[in-house]
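What follows is a short report on a single structure.
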Amino acid sequence: MKIILTGGDTGGHFYPIIAVAEQLRKIQKEEGVTEMKIFFVSTHPYDKKELERLGITFKKIQSGKLRTYPSIQTVFDIFRTFFGIFQSLFFIFLNYPDVVFGKGGFPSFPVLLVAKTFRIPIIIHESDSVPGRVNKWAGKSAQQVFVSFKEAIASFPKEKTELAGRPIVEGISDIENIVGAREFLHIHDENVPVLLVLGGSQGSEKINSIIIDSLLKLTEKYYIIHQTGRNNIVAVRAASESILKRSPYADRYKPFDFLDREGIRRAVSLSDLVLSRAGSTLFEIAAWGKAGILVPYEHAHGNHQHHNAFAYARAGACRVIEEYNLSTSVLMLELEDLFQNPQKIKSMEDAAKAFHRPGAAEKVAYALAEIGLLHEK
C-alpha cells in the first residue's frame with residue numbers, strides 16, 4: 001500500500017500529518033500490513049528527523065501562493081504552481097498511490113489536483129473553523145473530510161464530513177509526572193506562576209515584541225517560558241539581556257527558539273497559563289488541559305484565527321486579546337485577573353479538557369488504511 005501525505009510547510013500542517021503517520025505505522029504493525037510506503041510531498045520537509053523516524057520518503061515540489069492582494073510574486077507563483085503540477089504528475093504516475101491525505105495549504109494543491117485527475121481517493125483534514133481555499137476546493141471531491149471545529153462542517157458536503165478534532169502527535173499531551181522539568185528549565189521557586197508563550201511554528205513578531213516590551217513587569221511576578229521562533233531568537237535574546245541586565249529577576253525569563261517534543265512537555269508541565277496565537281496550537285493547549293490567552297493573527301486568510309479564538313472562547317477555555325488591543329497594560333491586567341482568581345483558571349482548564357477530542361489521528365489513519373487497502377485490491 002502506498003500513501004501520499006501532503007500539506008503546507010508550517011508546523012500547523014506538518015505535525016498533524018506526523019500524528020497521522022504515527023498511527024499508520026501502528027496500524028501497519030498491529031494489523032500485519034506487510035508493506036506500507038508513505039510519502040510526504042510538499043515544498044519543504046519542515047522536520048527531517050520526524051520523517052526519518054517514521055520512515056517517510058520526502059518529495060520536494062514547487063508551489064505558489066494565491067494572494068488576495070496585488071503582488072509581483074503572484075506572477076512567479078503561478079509558474080511555480082504549474083511546475084509543481086508537472087512534478088506531481090510524474091511523481092504520482094511513477095509511484096501511483098492508493099490514497100492521498102491532504103492537510104491543506106498551498107503546497108498541497110498540485111498533489112491534490114493530480115490525484116483528483118487520476119481518480120485516486122482523497123481524504124482531507126481541516127484544522128480551522130474557516131476552511132482554507134485548497135481544502136474547501138478539495139473537499140468537494142474528497143471521499144472523506146475530517147474537521148476540528150463544528151463551525152467548519154457547513155463548508156463541506158455534510159454526508160462525508162466528520163467532526164474529529166485535530167490529530168496530535170503521540171505523547172505530547174502526556175504532561176503528568178515529568179522528571180527533571182524544573183532542572184531543565186531552571187525554575188525552582190514553586191510559588192511563582194509560570195506563563196508559557198507560544199507564537200506559532202514560525203514565531204510571532206507581535207507577541208515577541210509585547211513580551212520584550214513588558215519583560216520588566218512580567219518577570220517581577222512570573223516566570224516566562226518563551227518560544228520565539230527560530231528566526232527571532234537572536235534578536236529576542238539580545239533585547240532581553242539588555243532590558244534585564246540590572247533586574248534581580250533576570251533568571252525568570254527563559255527564551256527558546258523552538259521546543260521539541262520533550263522540551264514542550266516539560267514546559268507545559270510547569271506552566272499555569274499559555275499565551276498563544278489561535279492557529280492549530282489551540283488544540284494542543286486543549287489536550288494539555290491548560291487555560292489560555294489567545295492573540296489571533298489579524299492577517300490570517302479568511303480571518304480564521306479570529307474565528308478559531310472566539311469559537312474556543314465560547315467553549316469557556318480561553319480569553320481573547322485582539323492583536324490591535326495587545327499592549328503591556330492589557331496583558332498585565334488579564335494576567336493579574338486570572339492569577340488572582342484561581343477558580344477562573346480552573347474553570348478554563350476544565351473547559352479546555354472538555355473541548356479536546358482525543359483519537360483524531362487514529363480516525364484519519366484508519367480511514368486512510370481502509371480506503372488504501374480497498375484501492376490496492
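Naming works like this for the C-alpha cells: A, B, ... for the chains as they're shown, residue 1 at the start of each chain, ligands 1 onward in shown order.
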Quiz item: Which residues come within 9 Å of Glu22 of chain A, counting only C-alpha atoms, excluding same-chain residues fewer than 2 positions away, as a ChimeraX atom specification?
Solution: /A:17-20,24-27,54,169-170,361-362,365
Quiz item: Which neighbours of Thr81 of chain A fall inside 12 Å, counting only C-alpha atoms, when residues of the same chain fewer than 6 positions from it are skipped, and could you give them as a PyMOL selection string?
Solution: chain A and resi 42-43+61-66+74-75+87-88+106-111+113
If you take only C-alpha atoms and a cut-off of 10 Å, which residues of segment 283-337 of chain A touch segment 151-162 of chain A, and what are their nearest atom pairs and distances in Å to one decimal, in chain and number order, as CSV?
```
residue,atom,partner,partner_atom,distance
A:His307,CA,A:Glu151,CA,9.1
A:Asn308,CA,A:Glu151,CA,9.2
A:Ala311,CA,A:Glu151,CA,8.2
```
Would you output that residue set with N, CA and C atoms, as a short mmCIF file (atom, residue, chain, number, x, y, z; two decimals), in the first residue's frame?
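Output file selection_6.cif is given in full below:
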```cif
data_model
loop_
_atom_site.label_atom_id
_atom_site.label_comp_id
_atom_site.auth_asym_id
_atom_site.auth_seq_id
_atom_site.Cartn_x
_atom_site.Cartn_y
_atom_site.Cartn_z
N HIS A 307 -11.82 33.61 14.17
CA HIS A 307 -12.95 32.69 14.34
C HIS A 307 -12.58 31.51 15.24
N ASN A 308 -11.34 30.99 15.07
CA ASN A 308 -10.86 29.91 15.94
C ASN A 308 -10.89 30.34 17.40
N ALA A 311 -14.41 30.81 18.83
CA ALA A 311 -15.09 29.52 19.00
C ALA A 311 -14.58 28.83 20.26
#
```
Self-check item: Exercise: Glu52 of chain A partners within 12 Å, only C-alpha atoms, chain neighbours under 2 positions left out, as a VMD selection string
Solution: chain A and resid 18 21 to 22 38 to 40 45 to 50 54 to 58
Practice problem: Assign secondary structure with DSSP using the backbone only, and return the residues of segment 130-354 of chain A in strand (DSSP E) as a PyMOL selection string. | Solution: chain A and resi 144-147+161-163+194-198+223-227+253-256+273-276+292-294+318-320
Quiz item: Which of these, A:Ala360, A:Gly102, A:Lys29, A:Tyr15, has the shortest distance to Leu163 of chain A once you count only C-alpha atoms?
Solution: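 Among the listed residues, A:Ala360 lies closest to Leu163 of chain A.
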Quiz item: Could you pull out all residues of segment 56-146 of chain A with a DSSP call of alpha helix (DSSP H) and give them as a ChimeraX atom specification?
Solution: /A:73-95,109-117,133-139
If you keep N, CA and C atoms, can you produce a file of those selected residues as a compact mmCIF listing (two decimals), in the first residue's frame?
```
# COMPACT_ATOMS: atom_id res chain seq x y z
N GLN A 73 4.97 38.88 -6.89
CA GLN A 73 5.28 37.49 -6.57
C GLN A 73 4.20 36.54 -7.08
N THR A 74 2.98 37.04 -7.25
CA THR A 74 1.89 36.20 -7.74
C THR A 74 2.20 35.66 -9.13
N VAL A 75 2.84 36.48 -9.96
CA VAL A 75 3.21 36.05 -11.32
C VAL A 75 4.17 34.87 -11.24
N PHE A 76 5.21 35.00 -10.40
CA PHE A 76 6.19 33.91 -10.25
C PHE A 76 5.54 32.68 -9.63
N ASP A 77 4.61 32.91 -8.69
CA ASP A 77 3.96 31.79 -8.02
C ASP A 77 3.06 30.99 -8.96
N ILE A 78 2.50 31.65 -9.94
CA ILE A 78 1.70 30.93 -10.95
C ILE A 78 2.58 29.92 -11.69
N PHE A 79 3.79 30.37 -12.07
CA PHE A 79 4.73 29.47 -12.75
C PHE A 79 5.19 28.35 -11.82
N ARG A 80 5.43 28.69 -10.55
CA ARG A 80 5.84 27.67 -9.58
C ARG A 80 4.75 26.60 -9.42
N THR A 81 3.51 27.05 -9.38
CA THR A 81 2.40 26.11 -9.22
C THR A 81 2.27 25.19 -10.43
N PHE A 82 2.39 25.75 -11.64
CA PHE A 82 2.33 24.92 -12.84
C PHE A 82 3.47 23.90 -12.86
N PHE A 83 4.67 24.34 -12.44
CA PHE A 83 5.81 23.44 -12.38
C PHE A 83 5.56 22.35 -11.35
N GLY A 84 4.95 22.73 -10.20
CA GLY A 84 4.62 21.76 -9.16
C GLY A 84 3.61 20.73 -9.62
N ILE A 85 2.68 21.17 -10.48
CA ILE A 85 1.68 20.24 -11.02
C ILE A 85 2.37 19.20 -11.90
N PHE A 86 3.32 19.64 -12.73
CA PHE A 86 4.05 18.69 -13.57
C PHE A 86 4.92 17.76 -12.72
N GLN A 87 5.55 18.31 -11.68
CA GLN A 87 6.33 17.45 -10.78
C GLN A 87 5.43 16.40 -10.13
N SER A 88 4.28 16.83 -9.66
CA SER A 88 3.34 15.90 -9.01
C SER A 88 2.82 14.86 -9.99
N LEU A 89 2.58 15.29 -11.22
CA LEU A 89 2.09 14.39 -12.27
C LEU A 89 3.07 13.23 -12.48
N PHE A 90 4.35 13.55 -12.64
CA PHE A 90 5.35 12.50 -12.87
C PHE A 90 5.54 11.64 -11.63
N PHE A 91 5.56 12.28 -10.45
CA PHE A 91 5.78 11.54 -9.21
C PHE A 91 4.63 10.57 -8.95
N ILE A 92 3.41 11.03 -9.11
CA ILE A 92 2.24 10.17 -8.87
C ILE A 92 2.13 9.09 -9.93
N PHE A 93 2.45 9.43 -11.17
CA PHE A 93 2.42 8.43 -12.25
C PHE A 93 3.41 7.30 -11.97
N LEU A 94 4.60 7.66 -11.47
CA LEU A 94 5.64 6.66 -11.21
C LEU A 94 5.38 5.86 -9.94
N ASN A 95 4.72 6.47 -8.95
CA ASN A 95 4.54 5.80 -7.65
C ASN A 95 3.09 5.39 -7.39
N PHE A 109 -1.87 21.78 -3.10
CA PHE A 109 -2.74 21.91 -4.27
C PHE A 109 -2.28 21.09 -5.48
N PRO A 110 -0.99 21.16 -5.90
CA PRO A 110 -0.59 20.37 -7.08
C PRO A 110 -0.85 18.88 -6.92
N VAL A 111 -0.55 18.34 -5.74
CA VAL A 111 -0.73 16.91 -5.49
C VAL A 111 -2.21 16.53 -5.54
N LEU A 112 -3.04 17.33 -4.88
CA LEU A 112 -4.47 17.03 -4.84
C LEU A 112 -5.11 17.16 -6.22
N LEU A 113 -4.65 18.12 -7.00
CA LEU A 113 -5.18 18.29 -8.36
C LEU A 113 -4.87 17.07 -9.22
N VAL A 114 -3.64 16.59 -9.15
CA VAL A 114 -3.25 15.42 -9.95
C VAL A 114 -3.98 14.17 -9.44
N ALA A 115 -4.07 14.02 -8.12
CA ALA A 115 -4.78 12.85 -7.56
C ALA A 115 -6.24 12.85 -8.00
N LYS A 116 -6.86 14.02 -8.00
CA LYS A 116 -8.24 14.14 -8.45
C LYS A 116 -8.35 13.75 -9.93
N THR A 117 -7.39 14.20 -10.75
CA THR A 117 -7.39 13.90 -12.19
C THR A 117 -7.26 12.41 -12.43
N ARG A 133 -8.60 27.75 1.34
CA ARG A 133 -9.11 27.64 -0.02
C ARG A 133 -8.84 26.28 -0.65
N VAL A 134 -7.66 25.72 -0.40
CA VAL A 134 -7.32 24.43 -1.01
C VAL A 134 -8.23 23.33 -0.47
N ASN A 135 -8.39 23.27 0.84
CA ASN A 135 -9.25 22.23 1.43
C ASN A 135 -10.71 22.40 1.03
N LYS A 136 -11.15 23.64 0.96
CA LYS A 136 -12.55 23.88 0.57
C LYS A 136 -12.79 23.36 -0.84
N TRP A 137 -11.84 23.59 -1.73
CA TRP A 137 -11.93 23.09 -3.10
C TRP A 137 -11.82 21.57 -3.13
N ALA A 138 -10.83 21.01 -2.39
CA ALA A 138 -10.60 19.56 -2.42
C ALA A 138 -11.73 18.79 -1.76
N GLY A 139 -12.39 19.41 -0.78
CA GLY A 139 -13.46 18.73 -0.06
C GLY A 139 -14.62 18.30 -0.93
```
Given only C-alpha atoms, how would the per-residue table for segment 157-188 of chain A near segment 219-234 of chain A read, listing every residue at most 12 Å away with its closest atom pair and distance in Å to one decimal, sorted by chain and number, as CSV?
```
residue,atom,partner,partner_atom,distance
A:Arg182,CA,A:Tyr223,CA,11.7
A:Phe184,CA,A:Ile225,CA,11.7
A:Leu185,CA,A:Ile225,CA,8.3
A:His186,CA,A:Tyr223,CA,10.1
A:Ile187,CA,A:Tyr223,CA,7.6
A:His188,CA,A:Tyr223,CA,10.0
```
Saved selection, atoms kept: C-alpha atoms, as a PDB file, in the first residue's frame:
```pdb
ATOM      1  CA  ARG A 182      12.405  22.158  36.818  1.00  0.00           C
ATOM      2  CA  PHE A 184      15.807  21.541  32.583  1.00  0.00           C
ATOM      3  CA  LEU A 185      14.150  24.977  32.717  1.00  0.00           C
ATOM      4  CA  HIS A 186      15.898  26.237  35.879  1.00  0.00           C
ATOM      5  CA  ILE A 187      12.567  27.065  37.502  1.00  0.00           C
ATOM      6  CA  HIS A 188      12.961  26.440  41.217  1.00  0.00           C
TER       7      HIS A 188
END
```
Practice problem: Just give me the gap between atom CA of Gly165 of chain A and atom CA of Leu259 of chain A in Å, one decimal is fine. | Solution: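 Atom CA of Leu259 of chain A lies 23.2 Å from atom CA of Gly165 of chain A.
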Quiz prompt | Pick from A:Arg237, A:His304, A:Lys140, A:Arg166, whichever lies nearest to Ile212 of chain A using only C-alpha atoms | solution =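 Looking at the shortest contact to Ile212 of chain A, the residue is A:Arg237.
Coordinates place atom CA of Val147 of chain A at a distance of 29.6 Å from atom CA of Leu195 of chain A.
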Self-check item: Shell of 9 Å around Phe339 of chain A, only C-alpha atoms, local chain residues under 4 positions omitted, as JSON, numbers by chain
Solution: {"A": [193, 272, 273, 334, 335, 344, 345]}
Quiz item: Using only C-alpha atoms, which of A:His306, A:Arg277, A:His125, A:His301 sits nearest Glu205 of chain A?
Solution: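 The closest residue to Glu205 of chain A is A:Arg277.
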